[in-house]
Amino acid sequence: MIVASRTGQALLGVAALAIASMPFWASSWHMQLVSTALVGALLALSLQLLVGGTGLVSLGQAGFFGLGAYTVYLLGSPPVWIALPAAMAAAGAAALLTGTLALRTRGFFFLMTSLAFGQMMFFAFHDTGLGGGSDGQFIARPFLGFALSRQNRPAALLLANLTVLTIVYAALCWLMGTAFGHALQGIRSNENRMAAMGHNVQRLKLAAFVLSGALAGLAGHMSVLTDGFVNPGLLDWHRSAEALLMILLGGIGALHGPILGAFALTAVQEAGSLLTDRPRLIEGAVFLAAVLFLRHGLAGRRR
Amino acid sequence: MIRSENLTRRFGGLLAVDGVSLTLERGRLHAVIGPNGAGKSTLINLLSGELPPTAGRILFDGQDIARWPAWKRGQAGIGRTFQHSNAMRDMSVLENTRLAVQARSGIGLFRSAQNPRLIQSALAALHRTGLTGAAKAEAGTLSHGQARLLEIAMALAGAPSVLLLDEPLAGLGPEETAPIVALLRDLARDHAVLLVEHDMDVVFAVAAIVTVMDEGRVLATGDPHAIRTSAAVRDAYLGQGA
């Protein structure tokens, strides 16, 4: 998987600075929109560790995302230094449990098994008393360490989301350069050969799956922080599929692909609903075009 | 060093490997020959853990490893090559070899993959197989001859004590064969080597001991001279081509 070149990282840095400056010039509505894209990028980035990083195409990522969000709700919105690690730990533990079973399968069967586990998590909250019912609940946002007023909230949350995404992206850049990251790439390319050479492929895949689940839980935590509510839709498989589409659109071969994809998808969805009553139609056309003409996504391919 | 006892593998009604017992010793090249379908590749897959045996034992340093998964055997020092080139095709030759080194290096998973020790060992394996010039090439773009060499380099890079070589010379011309034959001799000095090979000239030139298989069973085992002159072997196998 490609980690962005120097130029690419500089461009990402400029984009991050532009977002960081939004409180000085943008409306609350625009900042909320960008926050939504940042949370989507975080979820897609967690999934990219599996898809582009390890060659595991999963359709259950929203389960861990929603579990992270519901952890905050079920704990009664504790301060962020409790809520954030708790959301990651709960999602990571669920990933350990489901990954141990799902990773016994490969390819298409792994995809379907991950979907099944994701839907099981969905139905744990859908139409049950566990998470406040099918309609969801508004919740008090976790305490960030300083008071948030209605006026400064969009700006503060925008900066919080941007900071978390930047840290996670930087951490994954580092991780993909380690012996562990290279081993994951080897598994993506040729799992059997990696095992023959003595790599414990199952354990490496499980480690990636748990880390990816924990990061999805982090994204879920940021989603609750941003939107202030939970509902079972957070765990719906449509969200998993959307994260996969972000990766596809942004570039499956690049670590920054899902970030580009999340922003592109959010833009397409907004433009779609401004222009027509059927925004999904526009979305579909864009994906068709991406698959046909942009095989390596917006991130392209180095060389 | 590594010994199979009564090793058996059944595919449905077919006994692909039928009660094979053989011993590989360090410093000795043990060739396995036989017609197509004799069970030679299956034997390698059983020894390397690609396939679980239906019955029998595999003793490696005194332990029965017959139920171990492939990765654990690779980790323990059983290296192998594949009959059909089986590299990480979208990665460079150096990266393929470096991953082989990494598997058994004991280096921390969260250290940089560009660790000089890993790179040095990988380059040494490439040097030994004559692939230094192709280090940066993508494995999927190599010529057939280079791909065969990469198979050996990757097996070698893990510093194994046992080398299972599945037709390393398949499809190579005479000028490509010569350096590999020299390499095989060299490797046999400090490894236990099992060589499956169709080229009889090569087998009789490098092997210290030869096992002839047919229909999953061992027909004969002996030194090359004894095998070459055995009437039973001649009838079953060598007679067809010789």
# chains A, B, ... in the order shown; residues from 1 in each chain; ligands from 1

call {"tool": "interface_residues", "arguments": {"of": "chain B", "to": "chain A", "cutoff": "9 Å", "atoms": "only C-alpha atoms", "output": "number ranges by chain"}}
result
B: 48-50, 69-80, 86-91, 95-96, 99-104, 107-115, 154-155, 158

call {"tool": "select_by_dssp", "arguments": {"residues": "region 71-301 of chain A", "states": "alpha helix (DSSP H)", "output": "number ranges by chain"}}
result
A: 71-74, 80-102, 107-125, 153-176, 179-196, 201-227, 237-250, 257-275, 279-293

call {"tool": "residues_around", "arguments": {"residues": "region 44-47 of chain B", "least_positions_apart": "3", "cutoff": "9 Å", "atoms": "only C-alpha atoms", "output": "list in words"}}
result
Ser4, Leu7, Thr8, Arg9, Gly39, Lys40, Ser41, Glu50, Leu51, Pro52, Pro53, Ile58, Ile65, Ala66, Ala70, Arg73, Ile78, Arg80, Leu164, Leu165, Asp166, Leu194 and Val196 of chain B

call {"tool": "write_last_selection", "arguments": {"atoms": "N, CA, C and O atoms", "output": "mmCIF file, in the first residue's frame"}}
result
data_model
loop_
_atom_site.group_PDB
_atom_site.id
_atom_site.type_symbol
_atom_site.label_atom_id
_atom_site.label_comp_id
_atom_site.auth_asym_id
_atom_site.auth_seq_id
_atom_site.Cartn_x
_atom_site.Cartn_y
_atom_site.Cartn_z
ATOM 1 N N SER B 4 10.545 -38.886 7.995
ATOM 2 C CA SER B 4 9.125 -39.249 7.886
ATOM 3 C C SER B 4 9.012 -40.737 8.150
ATOM 4 O O SER B 4 9.875 -41.516 7.766
ATOM 5 N N LEU B 7 4.598 -42.106 6.153
ATOM 6 C CA LEU B 7 3.790 -40.936 5.825
ATOM 7 C C LEU B 7 2.807 -41.275 4.705
ATOM 8 O O LEU B 7 3.191 -41.825 3.672
ATOM 9 N N THR B 8 1.541 -40.926 4.945
ATOM 10 C CA THR B 8 0.479 -41.319 4.015
ATOM 11 C C THR B 8 -0.483 -40.156 3.805
ATOM 12 O O THR B 8 -0.842 -39.462 4.753
ATOM 13 N N ARG B 9 -0.880 -39.971 2.546
ATOM 14 C CA ARG B 9 -1.906 -38.973 2.249
ATOM 15 C C ARG B 9 -2.869 -39.539 1.219
ATOM 16 O O ARG B 9 -2.474 -39.979 0.149
ATOM 17 N N GLY B 39 3.738 -38.744 -6.599
ATOM 18 C CA GLY B 39 3.505 -38.274 -5.239
ATOM 19 C C GLY B 39 4.643 -37.428 -4.692
ATOM 20 O O GLY B 39 4.684 -37.145 -3.495
ATOM 21 N N LYS B 40 5.548 -36.974 -5.581
ATOM 22 C CA LYS B 40 6.724 -36.220 -5.110
ATOM 23 C C LYS B 40 6.331 -34.859 -4.529
ATOM 24 O O LYS B 40 6.766 -34.501 -3.437
ATOM 25 N N SER B 41 5.498 -34.124 -5.269
ATOM 26 C CA SER B 41 5.088 -32.811 -4.774
ATOM 27 C C SER B 41 4.218 -32.943 -3.528
ATOM 28 O O SER B 41 4.316 -32.126 -2.602
ATOM 29 N N GLU B 50 1.865 -27.862 4.065
ATOM 30 C CA GLU B 50 0.822 -27.355 3.168
ATOM 31 C C GLU B 50 -0.406 -28.267 3.234
ATOM 32 O O GLU B 50 -1.539 -27.819 3.103
ATOM 33 N N LEU B 51 -0.142 -29.558 3.432
ATOM 34 C CA LEU B 51 -1.197 -30.561 3.536
ATOM 35 C C LEU B 51 -1.005 -31.331 4.840
ATOM 36 O O LEU B 51 0.124 -31.676 5.185
ATOM 37 N N PRO B 52 -2.094 -31.648 5.540
ATOM 38 C CA PRO B 52 -1.962 -32.538 6.696
ATOM 39 C C PRO B 52 -1.919 -33.988 6.216
ATOM 40 O O PRO B 52 -2.619 -34.342 5.267
ATOM 41 N N PRO B 53 -1.122 -34.835 6.835
ATOM 42 C CA PRO B 53 -1.072 -36.227 6.414
ATOM 43 C C PRO B 53 -2.316 -36.987 6.893
ATOM 44 O O PRO B 53 -2.931 -36.609 7.885
ATOM 45 N N ILE B 58 6.097 -37.247 11.304
ATOM 46 C CA ILE B 58 7.250 -36.517 10.790
ATOM 47 C C ILE B 58 8.057 -36.076 12.009
ATOM 48 O O ILE B 58 7.551 -35.303 12.832
ATOM 49 N N ILE B 65 6.099 -33.426 14.196
ATOM 50 C CA ILE B 65 5.531 -32.160 13.715
ATOM 51 C C ILE B 65 4.441 -32.403 12.679
ATOM 52 O O ILE B 65 4.002 -31.460 12.017
ATOM 53 N N ALA B 66 3.965 -33.624 12.551
ATOM 54 C CA ALA B 66 3.029 -33.963 11.472
ATOM 55 C C ALA B 66 1.734 -33.147 11.533
ATOM 56 O O ALA B 66 1.081 -32.960 10.519
ATOM 57 N N ALA B 70 1.677 -25.027 8.566
ATOM 58 C CA ALA B 70 2.823 -24.679 7.726
ATOM 59 C C ALA B 70 3.689 -23.583 8.361
ATOM 60 O O ALA B 70 4.921 -23.675 8.355
ATOM 61 N N ARG B 73 6.135 -24.762 10.950
ATOM 62 C CA ARG B 73 7.269 -25.512 10.412
ATOM 63 C C ARG B 73 8.265 -24.568 9.760
ATOM 64 O O ARG B 73 9.475 -24.746 9.894
ATOM 65 N N ILE B 78 12.099 -25.107 8.493
ATOM 66 C CA ILE B 78 11.888 -25.924 7.300
ATOM 67 C C ILE B 78 11.503 -24.968 6.174
ATOM 68 O O ILE B 78 10.415 -24.402 6.161
ATOM 69 N N ARG B 80 11.074 -24.011 2.001
ATOM 70 C CA ARG B 80 10.695 -24.720 0.779
ATOM 71 C C ARG B 80 10.601 -23.776 -0.410
ATOM 72 O O ARG B 80 10.439 -22.566 -0.254
ATOM 73 N N LEU B 164 13.383 -27.841 1.200
ATOM 74 C CA LEU B 164 12.596 -28.726 0.348
ATOM 75 C C LEU B 164 12.451 -28.030 -0.997
ATOM 76 O O LEU B 164 11.799 -26.984 -1.090
ATOM 77 N N LEU B 165 13.070 -28.565 -2.036
ATOM 78 C CA LEU B 165 13.112 -27.878 -3.324
ATOM 79 C C LEU B 165 12.257 -28.641 -4.332
ATOM 80 O O LEU B 165 12.574 -29.769 -4.712
ATOM 81 N N ASP B 166 11.150 -27.998 -4.745
ATOM 82 C CA ASP B 166 10.219 -28.659 -5.659
ATOM 83 C C ASP B 166 10.515 -28.220 -7.095
ATOM 84 O O ASP B 166 10.085 -27.157 -7.522
ATOM 85 N N LEU B 194 16.106 -31.713 0.343
ATOM 86 C CA LEU B 194 15.312 -32.661 -0.432
ATOM 87 C C LEU B 194 15.052 -32.015 -1.796
ATOM 88 O O LEU B 194 14.537 -30.906 -1.868
ATOM 89 N N VAL B 196 13.280 -32.465 -5.463
ATOM 90 C CA VAL B 196 12.433 -33.157 -6.439
ATOM 91 C C VAL B 196 12.806 -32.603 -7.796
ATOM 92 O O VAL B 196 12.801 -31.387 -7.992
#

call {"tool": "select_by_dssp", "arguments": {"residues": "region 26-241 of chain B", "states": "strand (DSSP E or B)", "output": "JSON list (two decimals) with C-alpha atoms, in the first residue's frame"}}
result
[["chain", "number", "residue", "atom", "x", "y", "z"],
["B", 28, "ARG", "CA", 23.38, -34.38, 2.26],
["B", 29, "LEU", "CA", 21.30, -33.78, -0.84],
["B", 30, "HIS", "CA", 18.50, -36.30, -1.07],
["B", 31, "ALA", "CA", 16.81, -36.45, -4.46],
["B", 32, "VAL", "CA", 13.33, -37.83, -5.04],
["B", 33, "ILE", "CA", 12.54, -38.91, -8.58],
["B", 55, "ALA", "CA", -1.40, -41.08, 8.65],
["B", 56, "GLY", "CA", 2.22, -41.29, 9.70],
["B", 57, "ARG", "CA", 4.71, -39.20, 11.62],
["B", 58, "ILE", "CA", 7.25, -36.52, 10.79],
["B", 59, "LEU", "CA", 10.07, -36.26, 13.30],
["B", 60, "PHE", "CA", 12.05, -33.04, 13.32],
["B", 63, "GLN", "CA", 9.44, -33.88, 17.86],
["B", 64, "ASP", "CA", 6.50, -35.15, 15.86],
["B", 78, "ILE", "CA", 11.89, -25.92, 7.30],
["B", 79, "GLY", "CA", 12.18, -23.86, 4.13],
["B", 80, "ARG", "CA", 10.70, -24.72, 0.78],
["B", 92, "SER", "CA", 10.03, -6.14, -5.30],
["B", 112, "SER", "CA", 11.19, -0.49, 11.04],
["B", 138, "GLU", "CA", 8.72, -6.35, -9.23],
["B", 162, "VAL", "CA", 15.96, -28.07, 5.98],
["B", 163, "LEU", "CA", 15.37, -27.10, 2.35],
["B", 164, "LEU", "CA", 12.60, -28.73, 0.35],
["B", 165, "LEU", "CA", 13.11, -27.88, -3.32],
["B", 166, "ASP", "CA", 10.22, -28.66, -5.66],
["B", 192, "ALA", "CA", 19.44, -31.02, 4.81],
["B", 193, "VAL", "CA", 18.16, -30.81, 1.22],
["B", 194, "LEU", "CA", 15.31, -32.66, -0.43],
["B", 195, "LEU", "CA", 15.30, -32.17, -4.18],
["B", 196, "VAL", "CA", 12.43, -33.16, -6.44],
["B", 209, "ILE", "CA", 21.15, -40.38, -2.10],
["B", 210, "VAL", "CA", 18.20, -40.99, -4.41],
["B", 211, "THR", "CA", 14.70, -42.20, -3.64],
["B", 212, "VAL", "CA", 12.55, -43.44, -6.50],
["B", 213, "MET", "CA", 8.78, -43.11, -6.05],
["B", 214, "ASP", "CA", 5.98, -44.57, -8.11],
["B", 217, "ARG", "CA", 5.23, -45.64, -2.78],
["B", 218, "VAL", "CA", 8.98, -45.77, -2.39],
["B", 219, "LEU", "CA", 10.33, -48.11, -5.05],
["B", 220, "ALA", "CA", 13.97, -47.90, -4.05],
["B", 221, "THR", "CA", 16.41, -45.77, -2.08],
["B", 222, "GLY", "CA", 20.13, -45.83, -2.55]]

call {"tool": "residues_around", "arguments": {"residues": "Gln119 (chain A)", "least_positions_apart": "3", "cutoff": "9 Å", "atoms": "only C-alpha atoms", "output": "list in words"}}
result
Gly60, Gly63, Ser114, Leu115, Ala116, Phe122, Phe123, Ala124, Leu235, Asp236 and Trp237 of chain A

call {"tool": "write_last_selection", "arguments": {"atoms": "N, CA and C atoms", "output": "PDB file, in the first residue's frame"}}
result
ATOM      1  N   GLY A  60     -18.434  -5.622   7.875  1.00  0.00           N
ATOM      2  CA  GLY A  60     -18.998  -5.537   9.215  1.00  0.00           C
ATOM      3  C   GLY A  60     -18.443  -4.378  10.027  1.00  0.00           C
ATOM      4  N   GLY A  63     -20.479  -2.307  12.581  1.00  0.00           N
ATOM      5  CA  GLY A  63     -20.778  -2.917  13.876  1.00  0.00           C
ATOM      6  C   GLY A  63     -19.867  -2.371  14.957  1.00  0.00           C
ATOM      7  N   SER A 114     -18.224 -11.572   8.000  1.00  0.00           N
ATOM      8  CA  SER A 114     -18.092 -10.264   8.643  1.00  0.00           C
ATOM      9  C   SER A 114     -19.423  -9.521   8.579  1.00  0.00           C
ATOM     10  N   LEU A 115     -20.123  -9.670   7.449  1.00  0.00           N
ATOM     11  CA  LEU A 115     -21.450  -9.063   7.320  1.00  0.00           C
ATOM     12  C   LEU A 115     -22.407  -9.628   8.372  1.00  0.00           C
ATOM     13  N   ALA A 116     -22.355 -10.950   8.552  1.00  0.00           N
ATOM     14  CA  ALA A 116     -23.248 -11.599   9.518  1.00  0.00           C
ATOM     15  C   ALA A 116     -22.973 -11.095  10.932  1.00  0.00           C
ATOM     16  N   PHE A 122     -25.862  -5.192  14.960  1.00  0.00           N
ATOM     17  CA  PHE A 122     -26.967  -4.278  14.644  1.00  0.00           C
ATOM     18  C   PHE A 122     -28.236  -4.694  15.386  1.00  0.00           C
ATOM     19  N   PHE A 123     -28.564  -5.991  15.322  1.00  0.00           N
ATOM     20  CA  PHE A 123     -29.815  -6.449  15.926  1.00  0.00           C
ATOM     21  C   PHE A 123     -29.748  -6.511  17.450  1.00  0.00           C
ATOM     22  N   ALA A 124     -28.523  -6.398  18.009  1.00  0.00           N
ATOM     23  CA  ALA A 124     -28.437  -6.294  19.465  1.00  0.00           C
ATOM     24  C   ALA A 124     -29.029  -4.965  19.936  1.00  0.00           C
ATOM     25  N   LEU A 235     -24.951   1.099  13.211  1.00  0.00           N
ATOM     26  CA  LEU A 235     -24.377  -0.231  13.020  1.00  0.00           C
ATOM     27  C   LEU A 235     -24.843  -0.896  11.723  1.00  0.00           C
ATOM     28  N   ASP A 236     -25.679  -0.175  10.980  1.00  0.00           N
ATOM     29  CA  ASP A 236     -26.284  -0.776   9.788  1.00  0.00           C
ATOM     30  C   ASP A 236     -25.225  -1.097   8.737  1.00  0.00           C
ATOM     31  N   TRP A 237     -25.443  -2.185   8.013  1.00  0.00           N
ATOM     32  CA  TRP A 237     -24.420  -2.599   7.048  1.00  0.00           C
ATOM     33  C   TRP A 237     -24.286  -1.613   5.900  1.00  0.00           C
TER      34      TRP A 237
END

call {"tool": "atom_distance", "arguments": {"atom1": "CA of Pro258 (chain A)", "atom2": "CA of Gln48 (chain A)"}}
result
7.0 Å

call {"tool": "closest_residue", "arguments": {"among": "A:Ala219, A:Leu158, A:Ile2, A:Met112", "to": "Gly66 (chain A)", "atoms": "only C-alpha atoms"}}
result
A:Ala219

call {"tool": "residues_around", "arguments": {"residues": "Ser85 (chain B)", "least_positions_apart": "4", "cutoff": "9 Å", "atoms": "only C-alpha atoms", "output": "compact mmCIF listing (two decimals) with C-alpha atoms, in the first residue's frame"}}
result
# COMPACT_ATOMS: atom_id res chain seq x y z
CA THR B 81 10.37 -23.63 -2.82
CA HIS B 144 11.04 -17.48 -15.79
CA ALA B 147 11.55 -16.34 -10.90
CA ARG B 148 13.02 -19.79 -10.28
CA LEU B 150 13.78 -15.99 -6.49
CA GLU B 151 12.08 -19.15 -5.20

call {"tool": "atom_distance", "arguments": {"atom1": "CA of Ser28 (chain A)", "atom2": "CA of Ala155 (chain A)"}}
result
7.4 Å

call {"tool": "atom_distance", "arguments": {"atom1": "CA of Gly34 (chain B)", "atom2": "CA of Leu156 (chain B)"}}
result
25.4 Å
